[in-house]
>>> print(open('final_37.cif').read())   # mmCIF, C-alpha atoms
data_coords
loop_
_atom_site.label_atom_id
_atom_site.label_comp_id
_atom_site.auth_asym_id
_atom_site.auth_seq_id
_atom_site.Cartn_x
_atom_site.Cartn_y
_atom_site.Cartn_z
CA MET A 1 6.41 20.45 -1.34
CA GLU A 2 8.11 18.21 1.21
CA TYR A 3 9.91 14.98 0.31
CA ILE A 4 9.93 12.44 3.13
CA ALA A 5 11.62 9.04 3.34
CA SER A 6 9.77 6.52 5.48
CA PHE A 7 12.60 4.88 7.40
CA SER A 8 12.69 1.68 9.47
CA GLY A 9 16.44 1.14 9.76
CA GLY A 10 16.16 -2.07 7.73
CA LYS A 11 18.26 -2.84 4.66
CA ASP A 12 15.76 -1.49 2.13
CA SER A 13 15.14 1.87 3.79
CA VAL A 14 18.85 2.39 4.51
CA ALA A 15 19.71 1.62 0.87
CA MET A 16 16.92 3.90 -0.33
CA VAL A 17 18.03 6.90 1.74
CA LEU A 18 21.69 6.45 0.78
CA LYS A 19 20.80 6.24 -2.93
CA LEU A 20 18.47 9.25 -2.72
CA ILE A 21 21.32 11.29 -1.22
CA GLU A 22 23.87 9.84 -3.66
CA HIS A 23 21.67 10.68 -6.66
CA ASN A 24 20.89 14.14 -5.24
CA LYS A 25 17.14 13.47 -5.30
CA PRO A 26 14.88 15.84 -3.38
CA LEU A 27 14.79 14.72 0.25
CA ASP A 28 13.84 16.98 3.18
CA ARG A 29 12.99 14.63 6.01
CA ILE A 30 13.35 11.10 7.25
CA ALA A 31 10.42 9.77 9.28
CA PHE A 32 11.04 6.91 11.72
CA ILE A 33 8.01 5.42 13.45
CA ASP A 34 9.17 4.37 16.91
CA THR A 35 6.82 1.62 18.07
CA GLY A 36 8.95 1.00 21.15
CA LEU A 37 9.30 -2.60 19.99
CA ASP A 38 12.66 -2.57 18.21
CA PHE A 39 15.59 -4.57 19.51
CA GLY A 40 18.11 -2.40 21.39
CA GLU A 41 20.69 -3.14 18.70
CA GLN A 42 18.30 -1.82 16.05
CA LYS A 43 17.77 1.40 18.01
CA ASN A 44 21.55 1.89 17.98
CA ILE A 45 21.64 1.32 14.20
CA ILE A 46 18.92 3.94 13.70
CA GLU A 47 20.88 6.51 15.72
CA ILE A 48 24.05 5.70 13.75
CA CYS A 49 22.15 6.07 10.46
CA GLU A 50 20.72 9.41 11.59
CA ARG A 51 24.23 10.74 12.29
CA LYS A 52 25.68 9.40 9.03
CA PHE A 53 22.80 10.66 6.89
CA LYS A 54 23.15 14.14 8.41
CA GLU A 55 26.90 14.04 7.66
CA LEU A 56 26.06 13.32 4.03
CA LYS A 57 23.23 15.87 3.87
CA PRO A 58 23.32 18.33 6.80
CA SER A 59 19.96 19.95 5.95
CA LEU A 60 18.12 16.65 6.44
CA GLU A 61 15.56 16.55 9.28
CA PHE A 62 15.08 13.28 11.18
CA ASP A 63 11.62 12.93 12.74
CA TYR A 64 10.78 10.36 15.41
CA ILE A 65 7.07 9.54 15.34
CA ARG A 66 5.58 7.84 18.38
CA PRO A 67 2.12 6.34 18.92
CA GLU A 68 -0.23 7.74 21.55
CA LYS A 69 -0.02 4.55 23.63
CA THR A 70 2.46 1.69 24.00
CA PHE A 71 1.84 -1.82 22.68
CA GLU A 72 1.07 -2.97 26.22
CA GLU A 73 -1.43 -0.18 26.81
CA TYR A 74 -3.25 -1.03 23.57
CA PHE A 75 -3.02 -4.76 24.37
CA TYR A 76 -5.14 -4.25 27.51
CA THR A 77 -7.52 -1.69 25.98
CA LYS A 78 -11.09 -2.95 25.94
CA LYS A 79 -13.02 -2.92 22.69
CA LYS A 80 -15.81 -0.34 22.74
CA SER A 81 -18.11 -1.83 20.11
CA GLY A 82 -18.83 -4.87 17.98
CA LYS A 83 -19.42 -8.49 18.89
CA ASN A 84 -16.30 -8.53 21.11
CA LYS A 85 -17.22 -5.38 23.06
CA GLY A 86 -15.60 -5.36 26.50
CA GLU A 87 -12.81 -7.78 25.54
CA ILE A 88 -9.21 -6.60 25.46
CA TYR A 89 -7.40 -6.29 22.13
CA GLY A 90 -4.88 -8.93 23.19
CA TRP A 91 -2.49 -10.50 20.71
CA PRO A 92 -2.81 -9.25 17.13
CA TYR A 93 -4.11 -11.54 14.43
CA THR A 94 -1.42 -13.35 12.47
CA ILE A 95 -3.54 -13.67 9.33
CA GLY A 96 -3.96 -10.70 7.01
CA PHE A 97 -2.16 -7.38 6.93
CA ASN A 98 -4.32 -5.20 9.14
CA SER A 99 -3.40 -6.19 12.67
CA TRP A 100 -4.51 -3.74 15.34
CA CYS A 101 -0.88 -3.15 16.31
CA ASN A 102 0.17 -2.06 12.81
CA ASP A 103 -2.80 0.29 12.65
CA ARG A 104 -2.41 1.82 16.13
CA LEU A 105 1.41 1.85 16.40
CA LYS A 106 2.36 2.76 12.82
CA ILE A 107 -0.41 3.81 10.42
CA ARG A 108 -2.37 6.19 12.66
CA PRO A 109 0.72 7.95 14.08
CA PHE A 110 2.10 8.43 10.55
CA LYS A 111 -1.21 9.87 9.31
CA LYS A 112 -1.26 12.25 12.28
CA TYR A 113 2.36 13.28 11.51
CA LEU A 114 1.44 14.04 7.89
CA LYS A 115 -1.30 16.48 8.96
CA GLN A 116 1.35 19.10 9.77
CA PHE A 117 2.10 19.60 6.07
CA LYS A 118 -0.01 22.06 4.07
CA GLU A 119 0.02 19.87 0.96
CA ASP A 120 0.50 16.13 0.62
CA PRO A 121 4.22 15.41 0.70
CA ILE A 122 5.93 12.92 -1.59
CA ILE A 123 6.73 9.87 0.50
CA TYR A 124 9.55 7.54 -0.46
CA LEU A 125 9.01 3.93 0.60
CA GLY A 126 11.70 1.25 0.74
CA ILE A 127 9.94 -1.23 -1.50
CA ALA A 128 12.33 -3.30 -3.59
CA ALA A 129 11.84 -4.39 -7.19
CA ASP A 130 11.14 -7.98 -6.09
CA GLU A 131 8.09 -7.00 -4.00
CA PRO A 132 5.40 -6.67 -6.71
CA SER A 133 2.42 -7.13 -4.38
CA ARG A 134 3.52 -4.11 -2.31
CA LEU A 135 4.23 -2.04 -5.42
CA LYS A 136 0.66 -2.53 -6.67
CA LYS A 137 -0.71 -0.78 -3.57
CA LEU A 138 1.20 2.51 -3.93
CA GLN A 139 -0.87 5.67 -3.54
CA SER A 140 -0.38 8.60 -5.91
CA ASN A 141 1.99 10.54 -3.63
CA ARG A 142 4.08 7.48 -2.72
CA ARG A 143 7.28 6.55 -4.57
CA ALA A 144 9.34 3.36 -4.55
CA PRO A 145 12.76 4.49 -5.78
CA LEU A 146 14.39 1.09 -5.16
CA ALA A 147 11.93 -0.52 -7.57
CA GLU A 148 12.47 2.33 -10.06
CA TRP A 149 16.22 1.63 -9.89
CA GLY A 150 15.60 -2.13 -10.28
CA MET A 151 17.12 -2.96 -6.87
CA THR A 152 16.05 -6.22 -5.23
CA GLU A 153 16.19 -6.92 -1.49
CA LYS A 154 19.45 -8.81 -2.05
CA ASP A 155 20.85 -5.82 -3.98
CA CYS A 156 19.95 -3.56 -1.06
CA LEU A 157 21.81 -5.73 1.42
CA GLU A 158 24.89 -5.81 -0.82
CA TYR A 159 24.70 -2.06 -1.41
CA ILE A 160 24.58 -1.13 2.28
CA LYS A 161 27.50 -3.49 3.01
CA GLU A 162 29.47 -1.82 0.22
CA LYS A 163 28.70 1.61 1.70
CA GLY A 164 29.79 0.56 5.21
CA PHE A 165 26.27 0.37 6.66
CA LYS A 166 26.16 -3.37 7.34
CA ASN A 167 23.62 -3.96 10.06
CA PRO A 168 24.72 -6.85 12.36
CA MET A 169 21.05 -7.64 13.03
CA TYR A 170 21.04 -9.29 9.60
CA TRP A 171 23.46 -11.90 10.96
CA LYS A 172 20.57 -13.06 13.16
CA PHE A 173 17.42 -12.23 11.21
CA GLU A 174 16.29 -12.20 7.59
CA ARG A 175 13.88 -9.32 8.24
CA LEU A 176 13.74 -6.75 11.01
CA GLY A 177 10.74 -5.37 12.79
CA CYS A 178 8.99 -5.48 16.13
CA TYR A 179 10.71 -8.09 18.28
CA LEU A 180 7.44 -9.67 19.44
CA CYS A 181 5.65 -9.70 16.07
CA PRO A 182 3.63 -12.91 15.69
CA LYS A 183 4.00 -12.65 11.89
CA GLN A 184 7.74 -13.38 11.95
CA ASN A 185 8.94 -16.55 10.29
CA LEU A 186 9.80 -19.47 12.57
CA ASP A 187 13.57 -18.93 12.25
CA SER A 188 13.20 -15.44 13.69
#
>>> encode(input="final_37.cif", output="structure tokens")
Amino acid sequence: MEYIASFSGGKDSVAMVLKLIEHNKPLDRIAFIDTGLDFGEQKNIIEICERKFKELKPSLEFDYIRPEKTFEEYFYTKKKSGKNKGEIYGWPYTIGFNSWCNDRLKIRPFKKYLKQFKEDPIIYLGIAADEPSRLKKLQSNRRAPLAEWGMTEKDCLEYIKEKGFKNPMYWKFERLGCYLCPKQNLDS
């Protein structure tokens, strides 16, 4: 069975991978979904993390998962059915969790990536102890080690600083993600 850490390069996923390695937990691969919408600085952080993680655990595989189309290509794709048939997807909805961009740029590519494994792998997700609504939605083969260790988002930020992984993007933003996401808070 494969053990895969879903990795974004944010404080929670960095803390999770470091702790998994530190605690000698089973970990075979790190999966990064490259939407093409990360800040350049964040791309650099991801490459640095890849190098450092491999120094700590040389057998670790780092997989870059990419969607079939770019955000812009999907943006201009015309809907093929429904009441808005013929209209382009355009800007994603800001209400709710299931924006077309999350589905097309992250969820579908990850599901396609998982098809290569003969049996369902265990997937580690960087969900902190202070995110109860996300924890409730975990599927049976998903694990939230940060929550199991009682680590909050604040704990994760402190932990990565302590380990020398401080991400300068957190000097500018509270959360990291796609630079054009309409769901960001106003400060971002």
>>> residues_near_point(input="final_37.cif", point="(14.1, -3.8, 19.2)", cutoff="12 Å", atoms="all atoms listed in the file", output="VMD selection string")
chain A and resid 8 to 10 34 to 46 169 176 to 181
>>> closest_residue(input="final_37.cif", among="A:Lys57, A:Lys69, A:Arg143, A:Lys80", to="Arg108 (chain A)", atoms="only C-alpha atoms")
A:Lys69
>>> residues_around(input="final_37.cif", residues="Leu27 (chain A)", least_positions_apart="2", cutoff="10 Å", atoms="all atoms listed in the file", output="number ranges by chain")
A: 2-5, 17, 20-21, 24-25, 29-30, 57, 59-61, 122-124
>>> resolve_selection(input="final_37.cif", expression="the PyMOL selection byres ((chain A and resi 100) around 10)", output="PyMOL selection string")
chain A and resi 71+74-75+89-93+97-99+101-107
>>> atom_distance(input="final_37.cif", atom1="CA of Ile33 (chain A)", atom2="CA of Glu87 (chain A)")
27.5 Å
>>> closest_residue(input="final_37.cif", among="A:Ile48, A:Met151, A:Ala15, A:Ala31", to="Ala129 (chain A)", atoms="all atoms listed in the file")
A:Met151
>>> closest_residue(input="final_37.cif", among="A:Phe32, A:Tyr159, A:Tyr113, A:Phe62", to="Lys11 (chain A)", atoms="only C-alpha atoms")
A:Tyr159
